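This is coords09.pdb (PDB, C-alpha atoms, pLDDT in the B column).
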ATOM      1  CA  MET H   1     -22.959   5.766  15.820  1.00 71.00           C
ATOM      2  CA  LEU H   2     -25.918   6.212  18.127  1.00 71.00           C
ATOM      3  CA  GLY H   3     -27.564   9.607  18.293  1.00 79.00           C
ATOM      4  CA  LEU H   4     -29.197  11.212  21.304  1.00 79.00           C
ATOM      5  CA  ASN H   5     -32.603  10.731  19.727  1.00 83.00           C
ATOM      6  CA  GLU H   6     -32.491   6.937  20.183  1.00 88.00           C
ATOM      7  CA  PRO H   7     -34.849   5.662  22.921  1.00 89.00           C
ATOM      8  CA  HIS H   8     -32.399   3.191  24.464  1.00 90.00           C
ATOM      9  CA  VAL H   9     -29.774   5.960  24.866  1.00 90.00           C
ATOM     10  CA  TRP H  10     -32.266   8.047  26.868  1.00 91.00           C
ATOM     11  CA  THR H  11     -33.198   4.941  28.842  1.00 94.00           C
ATOM     12  CA  LEU H  12     -29.546   4.382  29.767  1.00 94.00           C
ATOM     13  CA  ILE H  13     -29.143   8.051  30.703  1.00 94.00           C
ATOM     14  CA  GLY H  14     -32.252   7.819  32.913  1.00 96.00           C
ATOM     15  CA  VAL H  15     -31.092   4.581  34.562  1.00 98.00           C
ATOM     16  CA  PHE H  16     -27.629   6.011  35.197  1.00 98.00           C
ATOM     17  CA  SER H  17     -29.105   9.213  36.634  1.00 98.00           C
ATOM     18  CA  GLY H  18     -31.448   7.212  38.867  1.00 98.00           C
ATOM     19  CA  ILE H  19     -28.594   5.065  40.146  1.00 98.00           C
ATOM     20  CA  MET H  20     -26.477   8.148  40.884  1.00 98.00           C
ATOM     21  CA  VAL H  21     -29.341   9.822  42.775  1.00 98.00           C
ATOM     22  CA  ALA H  22     -29.932   6.619  44.772  1.00 98.00           C
ATOM     23  CA  ILE H  23     -26.241   6.317  45.660  1.00 98.00           C
ATOM     24  CA  LEU H  24     -26.100   9.951  46.779  1.00 98.00           C
ATOM     25  CA  THR H  25     -29.292   9.581  48.817  1.00 98.00           C
ATOM     26  CA  ILE H  26     -28.048   6.457  50.586  1.00 98.00           C
ATOM     27  CA  GLY H  27     -24.604   7.989  51.130  1.00 97.00           C
ATOM     28  CA  PHE H  28     -25.923  11.215  52.606  1.00 97.00           C
ATOM     29  CA  GLY H  29     -28.436   9.309  54.737  1.00 97.00           C
ATOM     30  CA  SER H  30     -25.768   7.095  56.250  1.00 97.00           C
ATOM     31  CA  LEU H  31     -23.469  10.088  56.749  1.00 97.00           C
ATOM     32  CA  ARG H  32     -26.271  11.942  58.543  1.00 97.00           C
ATOM     33  CA  SER H  33     -26.998   9.032  60.881  1.00 95.00           C
ATOM     34  CA  GLU H  34     -23.282   8.587  61.595  1.00 96.00           C
ATOM     35  CA  MET H  35     -22.905  12.283  62.405  1.00 97.00           C
ATOM     36  CA  LYS H  36     -25.954  12.131  64.683  1.00 96.00           C
ATOM     37  CA  SER H  37     -24.549   9.183  66.638  1.00 95.00           C
ATOM     38  CA  MET H  38     -21.133  10.836  66.896  1.00 96.00           C
ATOM     39  CA  HIS H  39     -22.806  14.010  68.176  1.00 95.00           C
ATOM     40  CA  ALA H  40     -24.611  12.038  70.884  1.00 94.00           C
ATOM     41  CA  SER H  41     -21.399  10.258  71.868  1.00 94.00           C
ATOM     42  CA  LEU H  42     -19.403  13.485  71.989  1.00 96.00           C
ATOM     43  CA  SER H  43     -22.124  15.185  74.015  1.00 95.00           C
ATOM     44  CA  ALA H  44     -22.030  12.380  76.582  1.00 94.00           C
ATOM     45  CA  GLU H  45     -18.237  12.601  76.835  1.00 96.00           C
ATOM     46  CA  ILE H  46     -18.348  16.371  77.321  1.00 96.00           C
ATOM     47  CA  THR H  47     -20.978  15.965  80.034  1.00 95.00           C
ATOM     48  CA  SER H  48     -18.861  13.411  81.892  1.00 95.00           C
ATOM     49  CA  LEU H  49     -15.820  15.672  81.555  1.00 95.00           C
ATOM     50  CA  ALA H  50     -17.801  18.577  83.005  1.00 94.00           C
ATOM     51  CA  VAL H  51     -18.865  16.431  85.967  1.00 94.00           C
ATOM     52  CA  ARG H  52     -15.287  15.310  86.637  1.00 94.00           C
ATOM     53  CA  THR H  53     -14.001  18.869  86.340  1.00 95.00           C
ATOM     54  CA  GLU H  54     -16.659  20.139  88.736  1.00 94.00           C
ATOM     55  CA  SER H  55     -15.768  17.469  91.291  1.00 93.00           C
ATOM     56  CA  GLY H  56     -12.096  18.414  90.936  1.00 92.00           C
ATOM     57  CA  PHE H  57     -12.922  22.069  91.585  1.00 94.00           C
ATOM     58  CA  ASP H  58     -14.945  21.044  94.633  1.00 93.00           C
ATOM     59  CA  ALA H  59     -11.945  19.149  95.998  1.00 92.00           C
ATOM     60  CA  VAL H  60      -9.668  22.161  95.450  1.00 94.00           C
ATOM     61  CA  ASN H  61     -12.204  24.439  97.150  1.00 94.00           C
ATOM     62  CA  ARG H  62     -12.298  22.122 100.182  1.00 93.00           C
ATOM     63  CA  ARG H  63      -8.506  22.157 100.386  1.00 94.00           C
ATOM     64  CA  ILE H  64      -8.452  25.951 100.211  1.00 95.00           C
ATOM     65  CA  ASP H  65     -11.081  26.125 102.970  1.00 94.00           C
ATOM     66  CA  TYR H  66      -8.981  23.821 105.159  1.00 95.00           C
ATOM     67  CA  LEU H  67      -5.877  25.881 104.430  1.00 95.00           C
ATOM     68  CA  ASP H  68      -7.740  29.078 105.316  1.00 95.00           C
ATOM     69  CA  ARG H  69      -8.909  27.520 108.574  1.00 94.00           C
ATOM     70  CA  ASP H  70      -5.354  26.463 109.433  1.00 94.00           C
ATOM     71  CA  VAL H  71      -3.914  29.895 108.618  1.00 94.00           C
ATOM     72  CA  GLN H  72      -6.572  31.598 110.760  1.00 93.00           C
ATOM     73  CA  HIS H  73      -5.736  29.235 113.604  1.00 93.00           C
ATOM     74  CA  LEU H  74      -2.026  30.048 113.313  1.00 93.00           C
ATOM     75  CA  MET H  75      -2.745  33.777 113.195  1.00 92.00           C
ATOM     76  CA  ARG H  76      -4.915  33.570 116.322  1.00 91.00           C
ATOM     77  CA  LYS H  77      -2.241  31.518 118.041  1.00 89.00           C
ATOM     78  CA  GLU H  78       0.506  33.973 117.116  1.00 88.00           C
ATOM     79  CA  PHE H  79      -1.329  37.280 117.586  1.00 87.00           C
ATOM     80  CA  GLY H  80      -4.118  36.342 119.972  1.00 82.00           C
ATOM     81  CA  ASP H  81      -7.868  36.358 119.466  1.00 76.00           C
ATOM     82  CA  ASN H  82      -8.125  40.089 118.856  1.00 64.00           C
ATOM     83  CA  PRO H  83      -5.267  41.230 116.595  1.00 51.00           C
ATOM     84  CA  SER H  84      -6.198  44.956 116.723  1.00 52.00           C
TER      85      SER H  84
END
Transcribe the structure of this file into structure tokens.
Amino acid sequence: MLGLNEPHVWTLIGVFSGIMVAILTIGFGSLRSEMKSMHASLSAEITSLAVRTESGFDAVNRRIDYLDRDVQHLMRKEFGDNPS
């Protein structure tokens, strides 16, 4: 049976620890870069969604303005220019 005071046992423990640290470092590094690219992609999608939503609101505002103009025209036609 090998004891913990043998040099090759400590060498194996050191090599195993080094490999585990390297695997964790590479794993966390790739995870970080993946998260950064996903953040950039999601940010671009949210920006495009905001632009499309704003253009949709502009279209609705134009329709409401046209409707208001038409209702005012009908009111003037029905009640005259000076309703008071």
Exercise for review: Find the distance between atom CA of H:His39 and atom CA of H:Gly27 and write it in Å to one decimal.
Suggested key: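 Computing it gives 18.2 Å between the two atoms.
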If I wrap all listed atoms of stretch 67-72 of chain H in a box with edges along x, y and z and add 6 Å on each side, what are its centre and edge lengths in Å to one decimal, as lines of an AutoDock Vina configuration file?
center_x = -6.4
center_y = 28.7
center_z = 107.6
size_x = 17.0
size_y = 17.7
size_z = 18.3
Practice item. Quote the spacing between atom CA of H:Val21 and atom CA of H:Asn5 in Å to one decimal place. Key: 23.3 Å
Missing atoms in stretch 41-53 of chain H should be modelled up to N, CA and C atoms and reported as a PDB file, in the frame of the given file.
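Once written, result-v9.pdb looks like this:
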ATOM      1  N   SER H  41     -22.545  10.793  71.133  1.00 94.00           N
ATOM      2  CA  SER H  41     -21.399  10.258  71.868  1.00 94.00           C
ATOM      3  C   SER H  41     -20.511  11.381  72.401  1.00 94.00           C
ATOM      4  N   LEU H  42     -20.238  12.359  71.573  1.00 96.00           N
ATOM      5  CA  LEU H  42     -19.403  13.485  71.989  1.00 96.00           C
ATOM      6  C   LEU H  42     -20.080  14.297  73.085  1.00 96.00           C
ATOM      7  N   SER H  43     -21.386  14.459  72.981  1.00 95.00           N
ATOM      8  CA  SER H  43     -22.124  15.185  74.015  1.00 95.00           C
ATOM      9  C   SER H  43     -22.035  14.466  75.355  1.00 95.00           C
ATOM     10  N   ALA H  44     -22.140  13.150  75.342  1.00 94.00           N
ATOM     11  CA  ALA H  44     -22.030  12.380  76.582  1.00 94.00           C
ATOM     12  C   ALA H  44     -20.623  12.498  77.175  1.00 94.00           C
ATOM     13  N   GLU H  45     -19.607  12.468  76.338  1.00 96.00           N
ATOM     14  CA  GLU H  45     -18.237  12.601  76.835  1.00 96.00           C
ATOM     15  C   GLU H  45     -17.983  13.988  77.429  1.00 96.00           C
ATOM     16  N   ILE H  46     -18.517  15.016  76.797  1.00 96.00           N
ATOM     17  CA  ILE H  46     -18.348  16.371  77.321  1.00 96.00           C
ATOM     18  C   ILE H  46     -19.065  16.518  78.654  1.00 96.00           C
ATOM     19  N   THR H  47     -20.242  15.913  78.772  1.00 95.00           N
ATOM     20  CA  THR H  47     -20.978  15.965  80.034  1.00 95.00           C
ATOM     21  C   THR H  47     -20.197  15.279  81.147  1.00 95.00           C
ATOM     22  N   SER H  48     -19.637  14.109  80.863  1.00 95.00           N
ATOM     23  CA  SER H  48     -18.861  13.411  81.892  1.00 95.00           C
ATOM     24  C   SER H  48     -17.599  14.195  82.252  1.00 95.00           C
ATOM     25  N   LEU H  49     -16.991  14.842  81.277  1.00 95.00           N
ATOM     26  CA  LEU H  49     -15.820  15.672  81.555  1.00 95.00           C
ATOM     27  C   LEU H  49     -16.196  16.862  82.436  1.00 95.00           C
ATOM     28  N   ALA H  50     -17.350  17.453  82.181  1.00 94.00           N
ATOM     29  CA  ALA H  50     -17.801  18.577  83.005  1.00 94.00           C
ATOM     30  C   ALA H  50     -18.046  18.134  84.441  1.00 94.00           C
ATOM     31  N   VAL H  51     -18.611  16.944  84.618  1.00 94.00           N
ATOM     32  CA  VAL H  51     -18.865  16.431  85.967  1.00 94.00           C
ATOM     33  C   VAL H  51     -17.544  16.188  86.697  1.00 94.00           C
ATOM     34  N   ARG H  52     -16.585  15.567  86.005  1.00 94.00           N
ATOM     35  CA  ARG H  52     -15.287  15.310  86.637  1.00 94.00           C
ATOM     36  C   ARG H  52     -14.558  16.607  86.970  1.00 94.00           C
ATOM     37  N   THR H  53     -14.646  17.584  86.086  1.00 95.00           N
ATOM     38  CA  THR H  53     -14.001  18.869  86.340  1.00 95.00           C
ATOM     39  C   THR H  53     -14.637  19.561  87.537  1.00 95.00           C
TER      40      THR H  53
END
